[in-house]
Amino acid sequence: MERDKLIFCYTMVAPALLVTIGLGIYPMLASMVMSFQRYDLLQINQIGTPFVGLDNYITVFKDPRFVQTVVNTILFTAIAVVVSVAMGVFLSQVINANIRGRSVLRTLVFVPWFVPPVVASAIWMWLLQTERSPINDALMSLGLIDSNIRFLTDPSTIGPFSIPMMSVAAVRVWNGLPIIIIFLLAGLQSIPKGLYEAAEIDGASILQKFRYVTLPMLKPVLSVLLALLVMNGLGQFEINYIMTGGGPRNLTNIMAVYSYQQAFMFFRFDYAAAASGVILLMTSVVCIFYVRAQTKDDLR
Amino acid sequence: MLDFSSNYERFVGRLKLGCRGFATQRVLALGLGGVLAASATVPVNAQQRSLEFWTQSYGDLLQWNATMRDLTERFEEETGISVQHETVNWSVAFDTWLTVSRGGAAPDCADMYWLHSFSAIGGDQYGPMPLNDYRDEWPDLEERFFEGSLQDVFWQGDFYGVPWRGDIRAFIYRTDAFEDAGIEDAPDNWEEIVDAAVKLTERDENGNVKRWGYAYGTAVNSVSWLLPYYWQAGGEFMTEDGQTATIDNEAMRAALTFMRDLMWKHEVVDPDSMEANYDPQPGFLAGDIAMIGSAEQAWGVELDRDYPSLEGKWAMAISPKGPENRASFSGGGYFGVLRGSDKVNECIDWIKFLSRDENMQMLSGASGNVSPNRAVMGSEFWSDRPWKVVVGEALSHAHTSQHPAPAWSAIATPEPGAVIYDMMYDAIVKQQDLDTVIARAQERMQAELDRSKNQ
């Protein structure tokens with residue numbers, strides 16, 4: 001009977017498992033193998049794909065452009081995650097409150113979710129285009145600026161930060177906020193109201209209720225959310241590629257874009273696979289920490 | 001927690017129910033199998049008299065597909081061979097052909113480009129197929145087609161197909177802006193470009209530019225803007241055998257200096273020109289850009305079709321002369337057969353059909369591309385508008401953008417990290433020392449050419 005149940009379970013998950021293996025695991029493993037080979041499309045007919053060990057990884061890490069993309073990827077991910085989660089926590093509280101117009105507010109907050117990232121990038125490219133930007137126009141009409149802000153092309157930097165970086169990060173936050181709010185809203189609605197009532201009886205202020213009731217109860221949701229956001233952020237591609245192509249001067253280039261450029265512009269699939277391998281490594285570290293944290297929680 | 005017991009029992013129960021009809025199912029399955037087997041002979045015959053043909057998308061997509069439908073129907077009437085036509089969007093064209101060249105799904109024959117790169121990548125297994133055995137099917141190729149266009153269908157002595165389209169670029173300008181600035185004629189040389197651009201650039205009281213006098217080019221590929229200036233200065237990117245880079249010279253210094261001075265010395269070109277999101281078209285349409293040095297002829301088609309309100313406010317002119325000549329950028333595409341196809345004879349018949357003068361005329365009209373066919377370019381269609389006359393004249397100054405090196409597409413891709421893009425960006429935007437920048441680019445380009453030697 002137990003064996004039959006096991007067969008039944010595996011039969012039920014088999015289709016999804018096959019798809020995951022075929023479209024996810026196999027390409028990932030193939031890419032990992034490629035990262036240890038010489039895989040230059042312009043030389044493949046002459047020399048094949050010989051094993052080269054860690055040479056590809058050494059080569060990409062010697063490329064200052066790639067090193068900058070690693071820093072940019074971490075920065076973009078950190079900015080997007082921190083700002084998204086902070087705004088998400090605030091907005092989910094607002095939407096969860098019993099206020100007039102809540103459904104209208106919910107609709108407005110969720111609108112970015114209906115916009116695919118590619119479309120969002122195209123729209124924001126127009127909105128942030130230096131000379132025809134309605135944002136620049138509005139700011140100039142209000143007298144707040146007297147020259148156009150080069151949202152996507154200003155090469156000046158303060159440390160690793162730049163206006164193009166902030167602009168692209170803002171678009172990533174805008175596009176990713178709805179899903180975060182949905183997660184947090186579900187979490188908020190599962191918090192027993194009795195806890196808030198008890199806190200109120202004890203004289204807790206709004207901030208104290210948030211700190212001692214809301215945040216601890218949201219911890220499981222937040223930990224899942226943070227892990228997913230970080231893993232997703234490390235592999236982000238479309239918004240950066242479409243809006244700036246990684247420019248100006250590599251300021252918005254990220255590892256996934258670098259990998260794409262190496263493969264499809266320069267025909268160096270080996271370097272592209274090595275760059276992707278670094279993404280996989282970073283994502284795996286996050287994943288390991290997350291799984292360990294979940295295991296510890298389960299044991300408690 | 002999921003209740004596996006009840007789900008399992010329901011599953012087993014359904015299985016048992018299903019078995020009652022098992023015998024019925026066996027009979028149905030056998031019957032279906034028989035029908036399929038019997039019908040298998042019919043599709044095979046149809047497949048032998050059909051071929052798969054891909055083209056990129058050109059001009060108005062509906063009109064392009066209608067034109068292809070008309071051609072395929074006439075061909076089928078004439079020969080009994082059915083052509084399954086599929087359109088590949090330009091946004092995915094490069095990735096598509098790269099995949100084809102590495103063994104991905106491929107048609108029997110197609111509208112292709114960058115013969116040298118994709119041939120090298122595909123080697124003897126995939127990609128474009130040499131058609132030397134069929135060369136005699138076109139005995140008058142040299143008479144009927146412009147010589148320059150034939151460079152795009154020969155590689156290492158092998159013949160790969162028939163050229164069918166060209167991409168000629170000419171100078172385009174706003175005649176209304178010219179009138180306002182009191183300029184009568186389009187610039188005829190680099191010095192006149194500078195003079196006109198300075199007069200045409202306008203700024204507001206805060207110094208913000210209201211109208212740029214000049215933009216280097218219209219194409220999304222910013223590297224293609226440098227090519228005509230460099231040729232006009234007398235330069236070539238590599239030797240004829242495609243083995244040696246030849247960019248460290250005075251012609252390159254002249255071209256880059258010209259472009260850099262336009263941006264920083266004369267301040268008539270947008271400093272953001274080389275960024276990925278730069279698009280001069282909205283600016284030109286709005287009158288915020290007065291002249292563009294190298295405009296695709298498709299702009300003429302688009303302006304005529306989509307912006308009739310701009311009639312009389314724009315014009316094209318042949319490329320202004322550089323220090324040595326007035327070379328114009330020229331790209332191209334050809335009809336060829338893919339390796340691995342077992343419909344080669346059918347494809348040859350199809351390509352011969354397409355390369356008839358009247359069909360090339362149809363293709364040129366529907367796509368808006370100039371034709372490498374002399375009869376087509378001499379037709380009334382290519383002289384019924386002033387800009388078309390200019391484009392025809394620009395053909396006589398055409399310089400092919402194809403180069404006999406498989407690595408050329410990697411060298412000339414408009415992405416940071418590519419040899420020519422980095423050289424342009426460092427020299428023009430970052431204003432780094434020209435000698436250092438060009439020497440570095442020469443070394444890098446030679447390394448890239450060495451990468452694909454002996455292909």
# chains A, B, ... in the order shown; residues from 1 in each chain; ligands from 1
>>> residues_around(residues="Pro64 of chain A", least_positions_apart="3", cutoff="12 Å", atoms="only C-alpha atoms", output="list in words")
Ile58, Thr59, Val60, Phe61, Val67, Gln68, Thr69, Val70, Val71, Arg249, Asn250, Asn253 and Tyr258 of chain A; Gly417 of chain B
>>> write_last_selection(atoms="N, CA and C atoms", output="PDB file, in the first residue's frame")
ATOM      1  N   ILE A  58      38.645  32.299 -14.951  1.00  0.00           N
ATOM      2  CA  ILE A  58      39.779  33.214 -14.739  1.00  0.00           C
ATOM      3  C   ILE A  58      39.695  34.363 -15.736  1.00  0.00           C
ATOM      4  N   THR A  59      39.381  34.033 -16.985  1.00  0.00           N
ATOM      5  CA  THR A  59      39.296  35.073 -18.023  1.00  0.00           C
ATOM      6  C   THR A  59      38.218  36.091 -17.708  1.00  0.00           C
ATOM      7  N   VAL A  60      37.046  35.634 -17.306  1.00  0.00           N
ATOM      8  CA  VAL A  60      35.976  36.618 -17.055  1.00  0.00           C
ATOM      9  C   VAL A  60      36.294  37.455 -15.812  1.00  0.00           C
ATOM     10  N   PHE A  61      36.923  36.835 -14.822  1.00  0.00           N
ATOM     11  CA  PHE A  61      37.224  37.628 -13.634  1.00  0.00           C
ATOM     12  C   PHE A  61      38.376  38.608 -13.875  1.00  0.00           C
ATOM     13  N   VAL A  67      33.819  42.300 -13.704  1.00  0.00           N
ATOM     14  CA  VAL A  67      33.886  42.574 -12.264  1.00  0.00           C
ATOM     15  C   VAL A  67      32.899  43.685 -11.909  1.00  0.00           C
ATOM     16  N   GLN A  68      32.838  44.693 -12.804  1.00  0.00           N
ATOM     17  CA  GLN A  68      31.886  45.774 -12.555  1.00  0.00           C
ATOM     18  C   GLN A  68      30.447  45.255 -12.593  1.00  0.00           C
ATOM     19  N   THR A  69      30.185  44.300 -13.474  1.00  0.00           N
ATOM     20  CA  THR A  69      28.819  43.770 -13.541  1.00  0.00           C
ATOM     21  C   THR A  69      28.460  43.005 -12.271  1.00  0.00           C
ATOM     22  N   VAL A  70      29.442  42.346 -11.659  1.00  0.00           N
ATOM     23  CA  VAL A  70      29.170  41.633 -10.401  1.00  0.00           C
ATOM     24  C   VAL A  70      28.767  42.644  -9.319  1.00  0.00           C
ATOM     25  N   VAL A  71      29.545  43.715  -9.231  1.00  0.00           N
ATOM     26  CA  VAL A  71      29.225  44.774  -8.248  1.00  0.00           C
ATOM     27  C   VAL A  71      27.858  45.371  -8.546  1.00  0.00           C
ATOM     28  N   ARG A 249      28.620  53.509 -20.142  1.00  0.00           N
ATOM     29  CA  ARG A 249      29.931  53.161 -19.571  1.00  0.00           C
ATOM     30  C   ARG A 249      29.839  52.017 -18.569  1.00  0.00           C
ATOM     31  N   ASN A 250      28.992  51.036 -18.900  1.00  0.00           N
ATOM     32  CA  ASN A 250      28.882  49.826 -18.069  1.00  0.00           C
ATOM     33  C   ASN A 250      28.258  50.086 -16.706  1.00  0.00           C
ATOM     34  N   ASN A 253      25.323  47.703 -16.323  1.00  0.00           N
ATOM     35  CA  ASN A 253      25.507  46.344 -16.832  1.00  0.00           C
ATOM     36  C   ASN A 253      25.474  45.359 -15.677  1.00  0.00           C
ATOM     37  N   TYR A 258      25.812  40.714 -19.415  1.00  0.00           N
ATOM     38  CA  TYR A 258      27.181  40.403 -19.840  1.00  0.00           C
ATOM     39  C   TYR A 258      27.236  39.014 -20.476  1.00  0.00           C
TER      40      TYR A 258
ATOM     41  N   GLY B 417      32.172  46.342 -25.339  1.00  0.00           N
ATOM     42  CA  GLY B 417      32.987  45.132 -25.361  1.00  0.00           C
ATOM     43  C   GLY B 417      33.400  44.743 -26.769  1.00  0.00           C
TER      44      GLY B 417
END
>>> select_by_dssp(residues="segment 320-418 of chain B", states="helix (DSSP H, G or I)", output="mmCIF file with C-alpha atoms, in the first residue's frame")
data_model
loop_
_atom_site.group_PDB
_atom_site.id
_atom_site.type_symbol
_atom_site.label_atom_id
_atom_site.label_comp_id
_atom_site.auth_asym_id
_atom_site.auth_seq_id
_atom_site.Cartn_x
_atom_site.Cartn_y
_atom_site.Cartn_z
ATOM 1 C CA VAL B 344 17.801 21.536 -53.209
ATOM 2 C CA ASN B 345 16.417 21.232 -56.743
ATOM 3 C CA GLU B 346 13.073 22.625 -55.645
ATOM 4 C CA CYS B 347 14.847 25.492 -53.889
ATOM 5 C CA ILE B 348 16.890 26.298 -56.974
ATOM 6 C CA ASP B 349 13.688 26.436 -59.022
ATOM 7 C CA TRP B 350 12.133 28.724 -56.398
ATOM 8 C CA ILE B 351 15.149 31.048 -56.262
ATOM 9 C CA LYS B 352 15.279 31.189 -60.065
ATOM 10 C CA PHE B 353 11.602 32.144 -60.043
ATOM 11 C CA LEU B 354 12.182 34.859 -57.459
ATOM 12 C CA ASP B 357 13.131 40.701 -63.146
ATOM 13 C CA GLU B 358 9.381 41.090 -62.673
ATOM 14 C CA ASN B 359 9.449 39.215 -59.354
ATOM 15 C CA MET B 360 12.467 41.152 -58.107
ATOM 16 C CA GLN B 361 10.463 44.281 -58.927
ATOM 17 C CA MET B 362 7.599 43.020 -56.774
ATOM 18 C CA LEU B 363 9.933 42.190 -53.906
ATOM 19 C CA SER B 364 11.618 45.572 -54.094
ATOM 20 C CA GLY B 365 8.276 47.376 -54.109
ATOM 21 C CA ALA B 366 6.826 45.403 -51.231
ATOM 22 C CA SER B 367 9.926 45.541 -49.051
ATOM 23 C CA ARG B 374 19.782 46.614 -62.686
ATOM 24 C CA ALA B 375 16.441 46.364 -64.453
ATOM 25 C CA VAL B 376 14.559 46.998 -61.214
ATOM 26 C CA MET B 377 16.644 50.053 -60.313
ATOM 27 C CA GLU B 380 9.783 53.847 -62.976
ATOM 28 C CA PHE B 381 9.200 52.663 -59.386
ATOM 29 C CA TRP B 382 12.682 53.818 -58.415
ATOM 30 C CA SER B 383 12.371 57.207 -60.047
ATOM 31 C CA PRO B 386 12.922 62.599 -55.630
ATOM 32 C CA TRP B 387 14.311 60.589 -52.719
ATOM 33 C CA LYS B 388 14.248 57.420 -54.819
ATOM 34 C CA VAL B 389 16.315 59.130 -57.488
ATOM 35 C CA VAL B 390 18.840 60.040 -54.784
ATOM 36 C CA VAL B 391 18.911 56.475 -53.491
ATOM 37 C CA GLY B 392 19.514 55.224 -57.017
ATOM 38 C CA GLU B 393 22.366 57.696 -57.389
ATOM 39 C CA ALA B 394 23.772 56.643 -54.016
ATOM 40 C CA LEU B 395 24.086 53.119 -55.402
ATOM 41 C CA TRP B 408 33.352 40.738 -38.631
ATOM 42 C CA SER B 409 29.910 40.511 -37.007
ATOM 43 C CA ALA B 410 31.556 40.140 -33.576
ATOM 44 C CA ILE B 411 33.977 42.985 -34.312
#
>>> closest_atom_pairs(of="chain B", to="chain A", cutoff="7 Å", atoms="only C-alpha atoms", output="tab-separated table")
residue	atom	partner	partner_atom	distance
B:Tyr8	CA	A:Phe8	CA	6.7
B:Ala120	CA	A:Leu42	CA	6.6
B:Ile121	CA	A:Leu42	CA	5.5
B:Gly123	CA	A:Asn45	CA	6.2
B:Asn206	CA	A:Asp146	CA	6.5
B:Asn208	CA	A:Ser147	CA	6.1
B:Asp272	CA	A:Thr153	CA	6.4
B:Glu275	CA	A:Pro248	CA	6.3
B:Ala276	CA	A:Thr244	CA	5.4
B:Asn277	CA	A:Thr244	CA	5.9
B:Ala410	CA	A:Phe266	CA	4.7
B:Thr413	CA	A:Met265	CA	6.4
B:Arg451	CA	A:Gln43	CA	6.7
B:Ser452	CA	A:Leu42	CA	5.5
>>> write_last_selection(atoms="C-alpha atoms", output="mmCIF file, in the first residue's frame")
data_model
loop_
_atom_site.group_PDB
_atom_site.id
_atom_site.type_symbol
_atom_site.label_atom_id
_atom_site.label_comp_id
_atom_site.auth_asym_id
_atom_site.auth_seq_id
_atom_site.Cartn_x
_atom_site.Cartn_y
_atom_site.Cartn_z
ATOM 1 C CA TYR B 8 -5.123 7.326 -4.468
ATOM 2 C CA ALA B 120 32.091 29.967 -40.801
ATOM 3 C CA ILE B 121 29.980 29.122 -37.773
ATOM 4 C CA GLY B 123 31.160 24.843 -41.185
ATOM 5 C CA ASN B 206 19.111 77.908 -20.277
ATOM 6 C CA ASN B 208 19.175 73.300 -23.413
ATOM 7 C CA ASP B 272 23.937 60.567 -25.840
ATOM 8 C CA GLU B 275 23.822 55.050 -25.850
ATOM 9 C CA ALA B 276 21.631 51.982 -26.397
ATOM 10 C CA ASN B 277 18.330 53.826 -26.032
ATOM 11 C CA ALA B 410 31.556 40.140 -33.576
ATOM 12 C CA THR B 413 28.427 44.530 -33.172
ATOM 13 C CA ARG B 451 40.337 33.776 -34.059
ATOM 14 C CA SER B 452 38.541 32.824 -37.219
#
>>> atom_distance(atom1="atom CA of Pro404 of chain B", atom2="atom CA of Glu240 of chain B")
7.2 Å
>>> residues_around(residues="segment 191-197 of chain B", least_positions_apart="6", cutoff="9 Å", atoms="only C-alpha atoms", output="list in words")
Phe178, Ala181, Ile183, Trp212, Gly213, Tyr214, Leu262, His266, Val268, Val269, Ala290, Met291, Gly293, Pro320 and Gly322 of chain B
>>> write_last_selection(atoms="C-alpha atoms", output="compact mmCIF listing (two decimals), in the first residue's frame")
# COMPACT_ATOMS: atom_id res chain seq x y z
CA PHE B 178 17.07 74.64 -43.90
CA ALA B 181 18.23 78.96 -41.40
CA ILE B 183 20.54 77.34 -46.22
CA TRP B 212 20.34 69.36 -32.87
CA GLY B 213 21.92 70.32 -36.14
CA TYR B 214 23.18 66.83 -36.91
CA LEU B 262 30.85 67.48 -34.19
CA HIS B 266 30.95 72.32 -32.55
CA VAL B 268 25.88 69.99 -32.88
CA VAL B 269 25.45 66.27 -32.07
CA ALA B 290 17.85 68.87 -38.73
CA MET B 291 20.19 66.51 -40.63
CA GLY B 293 24.34 61.74 -42.12
CA PRO B 320 28.60 64.54 -48.59
CA GLY B 322 34.84 63.18 -47.25
>>> select_by_dssp(residues="segment 28-253 of chain A", states="strand (DSSP E)", output="ChimeraX atom specification")
/A:157-158,161-162
>>> closest_residue(among="A:Leu215, A:Phe237, A:Trp174, A:Pro15", to="Leu108 of chain A", atoms="only C-alpha atoms")
A:Trp174
>>> residues_around(residues="Asp306 of chain B", least_positions_apart="6", cutoff="12 Å", atoms="only C-alpha atoms", output="list in words")
Gly59, Asp60, Leu285, Ala298, Trp299 and Gly300 of chain B
